[in-house]
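upload_9.tsv follows (TSV, C-alpha atoms):
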```tsv
chain	number	residue	atom	x	y	z
J	1	MET	CA	-4.56	25.71	18.91
J	2	LEU	CA	-2.61	22.47	19.35
J	3	GLN	CA	-2.01	23.35	22.98
J	4	LYS	CA	-5.75	23.87	23.46
J	5	LEU	CA	-6.56	20.53	21.79
J	6	TYR	CA	-3.98	18.84	24.00
J	7	ASP	CA	-5.36	20.51	27.13
J	8	TRP	CA	-8.90	19.48	26.18
J	9	ILE	CA	-7.87	15.83	25.93
J	10	ASP	CA	-5.56	15.98	28.94
J	11	ASP	CA	-8.37	17.50	31.01
J	12	ARG	CA	-10.50	14.44	30.43
J	13	VAL	CA	-8.04	11.56	30.12
J	14	ASP	CA	-4.96	12.83	31.95
J	15	VAL	CA	-2.50	11.71	29.28
J	16	THR	CA	0.49	13.65	30.59
J	17	PRO	CA	1.65	10.97	33.07
J	18	ILE	CA	1.40	8.34	30.31
J	19	TRP	CA	3.73	10.04	27.86
J	20	ARG	CA	6.01	11.27	30.63
J	21	ASP	CA	6.43	7.66	31.69
J	22	ILE	CA	7.43	6.79	28.15
J	23	ALA	CA	9.42	9.80	27.01
J	24	ASP	CA	10.60	11.79	30.01
J	25	HIS	CA	13.64	10.24	31.59
J	26	GLU	CA	17.21	11.16	32.44
J	27	VAL	CA	19.90	10.45	29.89
J	28	PRO	CA	22.99	9.51	31.91
J	29	GLU	CA	26.09	11.54	31.12
J	30	HIS	CA	28.10	8.58	29.85
J	31	VAL	CA	25.60	7.88	27.04
J	32	ASN	CA	25.22	11.52	25.96
J	33	PRO	CA	27.35	12.37	22.91
J	34	ALA	CA	27.21	16.05	23.94
J	35	TYR	CA	29.52	15.20	26.86
J	36	HIS	CA	31.56	12.39	25.39
J	37	PHE	CA	31.52	12.23	21.64
J	38	SER	CA	32.40	8.53	21.69
J	39	ALA	CA	28.97	7.96	23.22
J	40	PHE	CA	27.55	8.01	19.70
J	41	VAL	CA	27.89	4.22	19.83
J	42	TYR	CA	24.81	4.27	22.07
J	43	CYS	CA	22.79	5.53	19.09
J	44	PHE	CA	23.02	2.30	17.09
J	45	GLY	CA	20.02	0.67	18.78
J	46	GLY	CA	17.85	3.72	18.19
J	47	LEU	CA	19.08	3.99	14.61
J	48	THR	CA	18.17	0.33	14.04
J	49	PHE	CA	14.66	1.13	15.26
J	50	PHE	CA	14.51	4.22	13.05
J	51	ILE	CA	15.35	2.09	10.00
J	52	VAL	CA	12.77	-0.50	11.09
J	53	VAL	CA	10.14	2.25	11.12
J	54	ILE	CA	11.17	3.21	7.57
J	55	GLN	CA	10.94	-0.43	6.52
J	56	VAL	CA	7.46	-0.81	7.99
J	57	LEU	CA	6.21	2.39	6.36
J	58	SER	CA	7.69	1.80	2.92
J	59	GLY	CA	6.59	-1.84	3.08
J	60	MET	CA	3.00	-0.84	3.84
J	61	PHE	CA	2.96	1.48	0.88
J	62	LEU	CA	4.61	-1.06	-1.45
J	63	THR	CA	1.78	-3.53	-0.85
J	64	MET	CA	-0.59	-1.00	-2.45
J	65	TYR	CA	0.83	-2.12	-5.79
J	66	TYR	CA	2.60	-5.42	-5.19
J	67	VAL	CA	0.88	-8.74	-5.94
J	68	PRO	CA	2.23	-11.99	-4.45
J	69	ASP	CA	1.44	-14.09	-7.49
J	70	ILE	CA	3.89	-15.66	-9.92
J	71	GLU	CA	2.12	-14.23	-12.98
J	72	ASN	CA	1.98	-10.68	-11.67
J	73	ALA	CA	4.64	-10.22	-8.99
J	74	TRP	CA	7.46	-9.15	-11.29
J	75	GLU	CA	5.12	-7.12	-13.50
J	76	SER	CA	3.67	-5.26	-10.53
J	77	VAL	CA	7.13	-4.47	-9.15
J	78	TYR	CA	8.23	-3.29	-12.58
J	79	TYR	CA	5.09	-1.19	-12.87
J	80	LEU	CA	5.45	0.45	-9.48
J	81	GLN	CA	9.10	1.20	-10.17
J	82	SER	CA	8.70	2.58	-13.67
J	83	GLN	CA	5.16	4.00	-13.82
J	84	VAL	CA	4.25	5.18	-10.33
J	85	ALA	CA	5.54	8.52	-9.04
J	86	HIS	CA	8.37	8.06	-6.50
J	87	GLY	CA	8.18	4.30	-6.98
J	88	GLN	CA	11.95	4.07	-7.27
J	89	ILE	CA	12.37	5.99	-4.03
J	90	VAL	CA	9.84	3.95	-2.07
J	91	ARG	CA	11.18	0.60	-3.28
J	92	GLY	CA	14.70	1.97	-2.93
J	93	MET	CA	14.02	2.80	0.72
J	94	HIS	CA	12.80	-0.73	1.35
J	95	HIS	CA	15.61	-2.33	-0.66
J	96	TRP	CA	18.51	-0.39	0.86
J	97	GLY	CA	16.90	-0.15	4.28
J	98	ALA	CA	16.86	-3.94	4.43
J	99	SER	CA	20.66	-3.95	4.24
J	100	VAL	CA	21.14	-0.91	6.48
J	101	VAL	CA	19.01	-2.46	9.20
J	102	ILE	CA	21.31	-5.51	9.34
J	103	VAL	CA	24.39	-3.28	9.46
J	104	MET	CA	22.93	-1.17	12.28
J	105	LEU	CA	21.87	-4.27	14.12
J	106	LEU	CA	25.37	-5.69	13.97
J	107	LEU	CA	26.90	-2.40	15.15
J	108	HIS	CA	24.42	-2.31	18.05
J	109	THR	CA	25.19	-5.93	18.91
J	110	MET	CA	28.94	-5.26	18.80
J	111	ARG	CA	28.58	-2.25	21.09
J	112	VAL	CA	26.64	-4.28	23.63
J	113	PHE	CA	29.11	-7.16	23.31
J	114	PHE	CA	32.33	-5.21	23.66
J	115	GLN	CA	31.01	-3.09	26.51
J	116	GLY	CA	29.83	-6.20	28.31
J	117	ALA	CA	26.39	-4.60	28.58
J	118	TYR	CA	24.76	-8.01	28.17
J	119	LYS	CA	25.97	-9.17	31.62
J	120	LYS	CA	23.71	-9.84	34.57
J	121	PRO	CA	20.97	-8.67	35.01
J	122	ARG	CA	20.60	-7.94	31.28
J	123	GLU	CA	21.13	-11.46	29.85
J	124	LEU	CA	17.43	-11.79	29.10
J	125	ASN	CA	17.45	-8.66	27.00
J	126	TRP	CA	20.48	-9.98	25.10
J	127	MET	CA	18.54	-13.14	24.31
J	128	VAL	CA	15.55	-11.13	23.13
J	129	GLY	CA	17.97	-9.13	20.97
J	130	VAL	CA	19.32	-12.32	19.40
J	131	LEU	CA	15.76	-13.41	18.62
J	132	ILE	CA	15.16	-10.01	16.99
J	133	PHE	CA	18.30	-10.62	14.93
J	134	PHE	CA	16.92	-13.96	13.70
J	135	ILE	CA	13.57	-12.34	12.88
J	136	MET	CA	15.41	-9.72	10.84
J	137	LEU	CA	17.32	-12.40	8.92
J	138	GLY	CA	13.98	-14.13	8.27
J	139	LEU	CA	12.51	-10.89	6.98
J	140	GLY	CA	15.50	-10.46	4.70
J	141	PHE	CA	15.25	-14.03	3.43
J	142	THR	CA	11.50	-13.95	2.73
J	143	GLY	CA	11.53	-10.42	1.29
J	144	TYR	CA	14.29	-11.34	-1.14
J	145	LEU	CA	11.97	-13.70	-3.06
J	146	LEU	CA	9.09	-11.26	-3.49
J	147	PRO	CA	10.23	-9.40	-6.68
J	148	TRP	CA	10.20	-12.84	-8.35
J	149	ASP	CA	13.14	-12.16	-10.65
J	150	ASN	CA	15.94	-14.60	-11.43
J	151	LYS	CA	18.12	-13.50	-8.53
J	152	ALA	CA	15.24	-13.86	-6.11
J	153	TYR	CA	14.26	-17.26	-7.45
J	154	PHE	CA	17.66	-18.86	-7.35
J	155	ALA	CA	18.62	-17.31	-4.01
J	156	THR	CA	15.50	-18.85	-2.53
J	157	GLN	CA	16.28	-22.15	-4.24
J	158	VAL	CA	19.63	-22.14	-2.44
J	159	GLY	CA	18.11	-21.00	0.86
J	160	LEU	CA	15.61	-23.84	0.74
J	161	GLU	CA	18.38	-26.35	-0.01
J	162	ILE	CA	20.15	-25.07	3.09
J	163	ALA	CA	17.00	-25.62	5.14
J	164	GLU	CA	16.87	-29.14	3.74
J	165	GLN	CA	20.30	-29.89	5.26
J	166	VAL	CA	18.83	-29.70	8.77
J	167	PRO	CA	19.15	-33.17	10.30
J	168	PHE	CA	16.04	-35.39	10.52
J	169	ILE	CA	13.40	-32.74	9.73
J	170	GLY	CA	15.15	-31.09	6.79
J	171	VAL	CA	12.77	-32.26	4.08
J	172	GLN	CA	9.68	-31.39	6.09
J	173	LEU	CA	11.13	-28.00	6.98
J	174	LYS	CA	11.81	-27.21	3.35
J	175	THR	CA	8.29	-28.27	2.36
J	176	LEU	CA	6.84	-26.17	5.16
J	177	LEU	CA	8.70	-23.13	3.89
J	178	ALA	CA	8.20	-23.68	0.16
J	179	GLY	CA	4.67	-25.13	0.26
J	180	ASP	CA	5.75	-27.96	-2.03
J	181	PRO	CA	8.45	-30.65	-1.73
J	182	THR	CA	10.02	-29.91	-5.10
J	183	ILE	CA	8.60	-26.79	-6.71
J	184	VAL	CA	9.66	-23.26	-5.89
J	185	GLY	CA	6.59	-21.55	-7.28
J	186	ALA	CA	3.14	-20.14	-6.67
J	187	GLN	CA	2.76	-21.62	-3.21
J	188	THR	CA	6.25	-20.58	-2.19
J	189	LEU	CA	5.60	-16.98	-3.16
J	190	THR	CA	2.33	-16.62	-1.25
J	191	ARG	CA	3.86	-18.28	1.80
J	192	PHE	CA	6.90	-16.06	1.77
J	193	PHE	CA	4.66	-13.03	1.33
J	194	ALA	CA	2.46	-13.98	4.28
J	195	ILE	CA	5.50	-14.69	6.46
J	196	HIS	CA	7.16	-11.46	5.35
J	197	VAL	CA	4.26	-9.06	5.93
J	198	PHE	CA	2.24	-10.69	8.73
J	199	PHE	CA	3.97	-13.35	10.80
J	200	LEU	CA	7.49	-12.01	11.15
J	201	PRO	CA	6.48	-8.36	11.66
J	202	ALA	CA	4.02	-9.43	14.38
J	203	ALA	CA	6.79	-11.37	16.11
J	204	LEU	CA	9.15	-8.44	15.61
J	205	PHE	CA	6.77	-5.93	17.22
J	206	GLY	CA	6.26	-8.20	20.21
J	207	LEU	CA	9.97	-8.72	20.72
J	208	LEU	CA	10.75	-5.03	20.24
J	209	ALA	CA	8.18	-4.16	22.90
J	210	VAL	CA	9.85	-6.60	25.33
J	211	HIS	CA	13.27	-5.24	24.36
J	212	PHE	CA	12.24	-1.64	25.11
J	213	ILE	CA	10.30	-2.41	28.28
J	214	LEU	CA	13.30	-4.31	29.65
J	215	ILE	CA	15.68	-1.49	28.91
J	216	ARG	CA	13.42	1.00	30.70
J	217	LYS	CA	12.94	-1.39	33.59
J	218	GLN	CA	16.62	-2.18	34.05
J	219	GLY	CA	18.06	1.11	32.93
J	220	ILE	CA	21.01	1.53	30.65
J	221	ALA	CA	24.24	-0.25	31.64
J	222	GLY	CA	26.71	1.86	33.61
J	223	PRO	CA	29.89	3.44	32.22
J	224	LEU	CA	32.91	1.26	31.48
A	1	MET	CA	14.42	44.51	20.69
A	2	ASN	CA	15.81	43.69	24.12
A	3	ASP	CA	12.28	43.08	25.28
A	4	LYS	CA	12.41	40.12	27.62
A	5	LYS	CA	9.24	38.69	26.13
A	6	ASN	CA	10.92	38.11	22.79
A	7	LYS	CA	13.84	36.22	24.22
A	8	VAL	CA	14.02	32.60	23.20
A	9	SER	CA	15.12	30.45	26.07
A	10	ARG	CA	17.69	27.74	25.59
A	11	ARG	CA	14.97	25.14	26.27
A	12	GLN	CA	12.65	26.70	23.70
A	13	PHE	CA	15.43	26.89	21.13
A	14	LEU	CA	16.30	23.24	21.61
A	15	ASN	CA	12.64	22.30	21.47
A	16	TYR	CA	12.13	24.15	18.22
A	17	SER	CA	15.25	22.85	16.55
A	18	LEU	CA	14.65	19.25	17.61
A	19	THR	CA	11.00	19.40	16.53
A	20	GLY	CA	12.10	20.93	13.25
A	21	LEU	CA	14.77	18.31	12.68
A	22	GLY	CA	12.40	15.50	13.63
A	23	GLY	CA	9.71	16.93	11.36
A	24	PHE	CA	12.20	17.21	8.52
A	25	MET	CA	13.27	13.60	8.90
A	26	ALA	CA	9.68	12.37	9.19
A	27	ALA	CA	8.71	14.38	6.12
A	28	GLY	CA	11.65	12.95	4.20
A	29	VAL	CA	10.35	9.46	4.85
A	30	LEU	CA	6.66	10.18	4.48
A	31	ILE	CA	6.46	12.45	1.44
A	32	PRO	CA	7.73	9.94	-1.16
A	33	ASN	CA	5.47	7.27	0.34
A	34	LEU	CA	2.41	9.50	0.26
A	35	ARG	CA	3.07	10.72	-3.28
A	36	PHE	CA	3.48	7.07	-4.27
A	37	ALA	CA	0.14	6.18	-2.68
A	38	VAL	CA	-1.90	9.02	-4.21
A	39	ASP	CA	-0.44	8.50	-7.68
A	40	PRO	CA	-3.63	6.98	-9.18
A	41	VAL	CA	-5.56	10.12	-8.18
A	42	LEU	CA	-3.08	12.44	-9.86
A	43	LYS	CA	-2.56	10.39	-13.02
A	44	GLN	CA	-4.03	11.89	-16.19
A	45	ALA	CA	-6.94	9.82	-17.39
A	46	SER	CA	-5.80	8.19	-20.62
A	47	ALA	CA	-7.62	9.47	-23.68
A	48	GLY	CA	-10.29	7.01	-24.76
A	49	GLY	CA	-9.22	4.52	-27.37
A	50	ASP	CA	-10.33	4.43	-30.97
A	51	LEU	CA	-13.87	3.56	-31.92
A	52	VAL	CA	-14.23	-0.18	-32.37
A	53	ASN	CA	-16.16	-2.18	-34.96
A	54	VAL	CA	-18.81	-3.98	-32.93
A	55	GLY	CA	-19.82	-6.32	-35.74
A	56	LEU	CA	-23.27	-4.86	-36.37
A	57	SER	CA	-24.26	-3.70	-39.84
A	58	GLU	CA	-26.13	-0.41	-40.08
A	59	ASP	CA	-28.93	-2.20	-41.95
A	60	ASP	CA	-29.51	-4.52	-39.00
A	61	ILE	CA	-30.21	-1.66	-36.60
A	62	THR	CA	-33.95	-1.49	-36.03
A	63	GLU	CA	-36.23	0.79	-34.10
A	64	ASP	CA	-36.23	-1.84	-31.38
A	65	PRO	CA	-33.23	-1.51	-28.99
A	66	GLN	CA	-30.98	-4.54	-29.36
A	67	ARG	CA	-28.15	-5.64	-27.17
A	68	VAL	CA	-24.67	-5.43	-28.71
A	69	ASP	CA	-21.62	-7.02	-27.04
A	70	TRP	CA	-18.01	-6.50	-28.04
A	71	ASP	CA	-14.52	-6.61	-26.55
A	72	VAL	CA	-12.11	-3.77	-25.87
A	73	GLU	CA	-8.50	-3.88	-24.69
A	74	GLN	CA	-8.06	-2.64	-21.16
A	75	VAL	CA	-4.77	-1.71	-19.51
A	76	ASP	CA	-5.14	-1.96	-15.76
A	77	GLY	CA	-1.79	-1.05	-14.23
A	78	TRP	CA	0.45	-4.02	-14.99
A	79	TYR	CA	-2.45	-6.16	-16.23
A	80	GLU	CA	-3.75	-6.08	-19.79
A	81	SER	CA	-6.91	-7.88	-20.80
A	82	ASP	CA	-9.89	-7.84	-23.13
A	83	ILE	CA	-13.03	-6.77	-21.36
A	84	ASN	CA	-16.61	-7.06	-22.47
A	85	ARG	CA	-18.69	-4.02	-23.31
A	86	THR	CA	-22.40	-3.82	-23.94
A	87	ALA	CA	-24.66	-1.25	-25.57
A	88	TRP	CA	-28.36	-0.91	-26.38
A	89	VAL	CA	-28.53	0.15	-30.03
A	90	PHE	CA	-31.52	1.35	-32.07
A	91	LYS	CA	-32.73	4.01	-34.52
A	92	ASP	CA	-34.89	6.73	-33.05
A	93	GLU	CA	-37.94	8.24	-34.78
A	94	ASN	CA	-35.66	10.59	-36.79
A	95	GLY	CA	-33.66	7.62	-38.07
A	96	ASP	CA	-30.62	8.62	-35.96
A	97	ILE	CA	-28.60	5.83	-34.41
A	98	GLN	CA	-28.63	5.73	-30.60
A	99	ALA	CA	-26.25	3.61	-28.52
A	100	PHE	CA	-26.86	3.67	-24.77
A	101	SER	CA	-24.66	2.37	-22.02
A	102	PRO	CA	-26.50	-0.26	-19.96
A	103	VAL	CA	-25.01	1.03	-16.72
A	104	CYS	CA	-27.77	2.38	-14.50
A	105	LYS	CA	-27.16	5.96	-13.34
A	106	HIS	CA	-28.46	5.11	-9.90
A	107	LEU	CA	-25.85	2.68	-8.55
A	108	GLY	CA	-24.37	1.05	-11.63
A	109	CYS	CA	-26.46	-2.08	-12.14
A	110	PHE	CA	-27.26	-3.36	-15.61
A	111	VAL	CA	-30.42	-2.07	-17.32
A	112	THR	CA	-32.38	-4.13	-19.87
A	113	TRP	CA	-34.76	-2.99	-22.59
A	114	GLU	CA	-38.24	-4.04	-21.50
A	115	GLY	CA	-36.61	-5.80	-18.57
A	116	SER	CA	-39.89	-5.74	-16.67
A	117	ASP	CA	-43.26	-6.89	-17.96
A	118	ASP	CA	-44.84	-4.07	-15.97
A	119	TYR	CA	-43.03	-1.36	-17.93
A	120	PRO	CA	-43.07	-2.03	-21.68
A	121	ASP	CA	-41.14	0.37	-23.93
A	122	GLU	CA	-38.77	1.31	-21.12
A	123	PHE	CA	-35.28	0.41	-19.96
A	124	PHE	CA	-35.55	-1.26	-16.59
A	125	CYS	CA	-33.02	-1.77	-13.81
A	126	PRO	CA	-33.83	-4.75	-11.55
A	127	CYS	CA	-31.85	-3.57	-8.54
A	128	HIS	CA	-34.13	-0.76	-7.36
A	129	ASP	CA	-36.74	-0.60	-10.14
A	130	GLY	CA	-34.99	2.24	-11.92
A	131	ARG	CA	-36.66	3.13	-15.24
A	132	TYR	CA	-35.73	5.05	-18.37
A	133	TYR	CA	-37.83	6.06	-21.39
A	134	LYS	CA	-36.78	4.84	-24.81
A	135	ASP	CA	-34.77	8.05	-25.39
A	136	GLY	CA	-32.71	7.16	-22.33
A	137	THR	CA	-34.00	9.85	-20.00
A	138	ASN	CA	-34.78	8.65	-16.52
A	139	VAL	CA	-38.41	8.34	-15.50
A	140	PRO	CA	-39.08	10.92	-12.77
A	141	HIS	CA	-39.57	9.55	-9.27
A	142	THR	CA	-37.60	6.38	-9.95
A	143	PRO	CA	-34.14	6.03	-8.37
A	144	PRO	CA	-31.90	7.16	-11.28
A	145	LEU	CA	-31.04	10.86	-11.25
A	146	ALA	CA	-29.67	11.16	-14.80
A	147	PRO	CA	-30.27	9.75	-18.28
A	148	LEU	CA	-28.28	6.76	-19.54
A	149	ASP	CA	-24.79	7.49	-20.89
A	150	VAL	CA	-24.38	7.57	-24.66
A	151	TYR	CA	-21.63	5.81	-26.61
A	152	GLU	CA	-19.67	7.79	-29.17
A	153	HIS	CA	-20.49	6.16	-32.48
A	154	LYS	CA	-19.81	6.32	-36.19
A	155	ILE	CA	-20.75	4.35	-39.28
A	156	GLU	CA	-17.92	3.20	-41.51
A	157	ASN	CA	-18.41	0.95	-44.54
A	158	GLY	CA	-21.91	0.29	-43.32
A	159	MET	CA	-20.69	-1.07	-39.97
A	160	LEU	CA	-21.33	0.39	-36.53
A	161	PHE	CA	-18.28	1.58	-34.54
A	162	LEU	CA	-18.59	2.43	-30.84
A	163	GLY	CA	-16.21	4.28	-28.49
A	164	GLU	CA	-16.47	5.45	-24.90
A	165	PRO	CA	-19.74	6.00	-23.02
A	166	LYS	CA	-20.21	9.71	-22.24
A	167	PRO	CA	-22.68	11.40	-19.90
A	168	ARG	CA	-25.19	13.52	-21.83
A	169	GLU	CA	-24.94	17.27	-22.12
A	170	GLY	CA	-26.99	19.02	-19.48
A	171	ALA	CA	-27.77	15.77	-17.73
```

Let me see whether you can do it: turn the structure in this file into structure tokens.
Amino acid sequence: MLQKLYDWIDDRVDVTPIWRDIADHEVPEHVNPAYHFSAFVYCFGGLTFFIVVIQVLSGMFLTMYYVPDIENAWESVYYLQSQVAHGQIVRGMHHWGASVVIVMLLLHTMRVFFQGAYKKPRELNWMVGVLIFFIMLGLGFTGYLLPWDNKAYFATQVGLEIAEQVPFIGVQLKTLLAGDPTIVGAQTLTRFFAIHVFFLPAALFGLLAVHFILIRKQGIAGPL
Amino acid sequence: MNDKKNKVSRRQFLNYSLTGLGGFMAAGVLIPNLRFAVDPVLKQASAGGDLVNVGLSEDDITEDPQRVDWDVEQVDGWYESDINRTAWVFKDENGDIQAFSPVCKHLGCFVTWEGSDDYPDEFFCPCHDGRYYKDGTNVPHTPPLAPLDVYEHKIENGMLFLGEPKPREGA
């Protein structure tokens, strides 16, 4: 049945070359853990992406209950954790995934660094990777505030003070982030929410696309 | 059993096991999320609260439908509030107390007793000219397809108590 459905679509739109372009390519021997077990280090990038997919999915579902408002944020998180089926699992995925994604990202970065895989002609992809790293840190920073508990509040307080230390534009930068020069409150929370679920993910998807297109274009770096 | 047709090739085997493993991992991620999302559908509807004193004495209920407003506590997820409820209350020709929900059975607008000068002695809905007779049954060939819902009610110490609006039997 599935085969027939596929054939029906393929007949009309000729999708096979499209997905073959994306999915069908040689895996060189030196990156295949079946030949050299130590090649598992090449999995870190893919694992980072896998965790990102989990983050996106669980995040989408969390917003079905979460409210970015200082009166209701904590209550809604408490409600979804304690009253909604699997709420602990879904928030747990997002909570722990946020840390795992940073760990995976660092492992991936270290692999590329120590293998020298960032060298010419792949410097551009290294730079894109660093930007992705910054985006991830931004996602971690903005997401941390959203439960609106004491830890979140004071961590953000400190983070904003750090932003304020930037020379010349520090005060403006802090106000831009917090929505108010002095208060960490209603405007901060909505801003952080918007940045966390719209702006940074959009930037992330764009950069990931560039990252993946470059790796397909340039191929994987050769063996050591 | 050595039939060549039944042999699973190495490629097939790998395809099946990788698809299975991928499906298992995807399911592991998706199932908790989906269960989380459909939770409101599967939740048991909470039993209606107690009947509430609406501040209307039995003696003040006339044969003319009058509007009664009162507040009930509503728990909406993490948000608790008092919401306003309204009923049309009167005594019918047998002297029985009737309390109708004002929510039109067409598309949920708000019906008013004698809300239109053209239709005296009827409940009228302004949205699509839905009409109901005094006993709450819908006038045939107007938009509503069912009679107005009826509030559970009781009289205690001479005061009217109202509960949840219920669709009529056989409506």

Shell of 12 Å around A:Gly95, all atoms listed in the file, local chain residues under 3 positions omitted, as a list in words: Glu58, Asp59, Ile61, Thr62, Glu63, Asp64, Phe90, Lys91, Asp92 and Gln98 of chain A

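In this structure, atom CA of J:Tyr42 sits 9.5 Å away from atom CA of J:His30.
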
Nearest to chain J, chosen from A:Leu34, A:Phe13, A:Lys7, A:Gly22, with all atoms listed in the file counted in the distances: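 That would be A:Leu34, the residue with the smallest distance to chain J.
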
Shell around A:Arg67 at 7 Å using all atoms listed in the file, local window under 5 positions removed, as number ranges by chain: A: 86-89

Within 8 Å of chain A: residues of chain J, using only C-alpha atoms, as a ChimeraX atom specification: /J:54,57-58,61,64,72,75-76,79,84-87,89-90
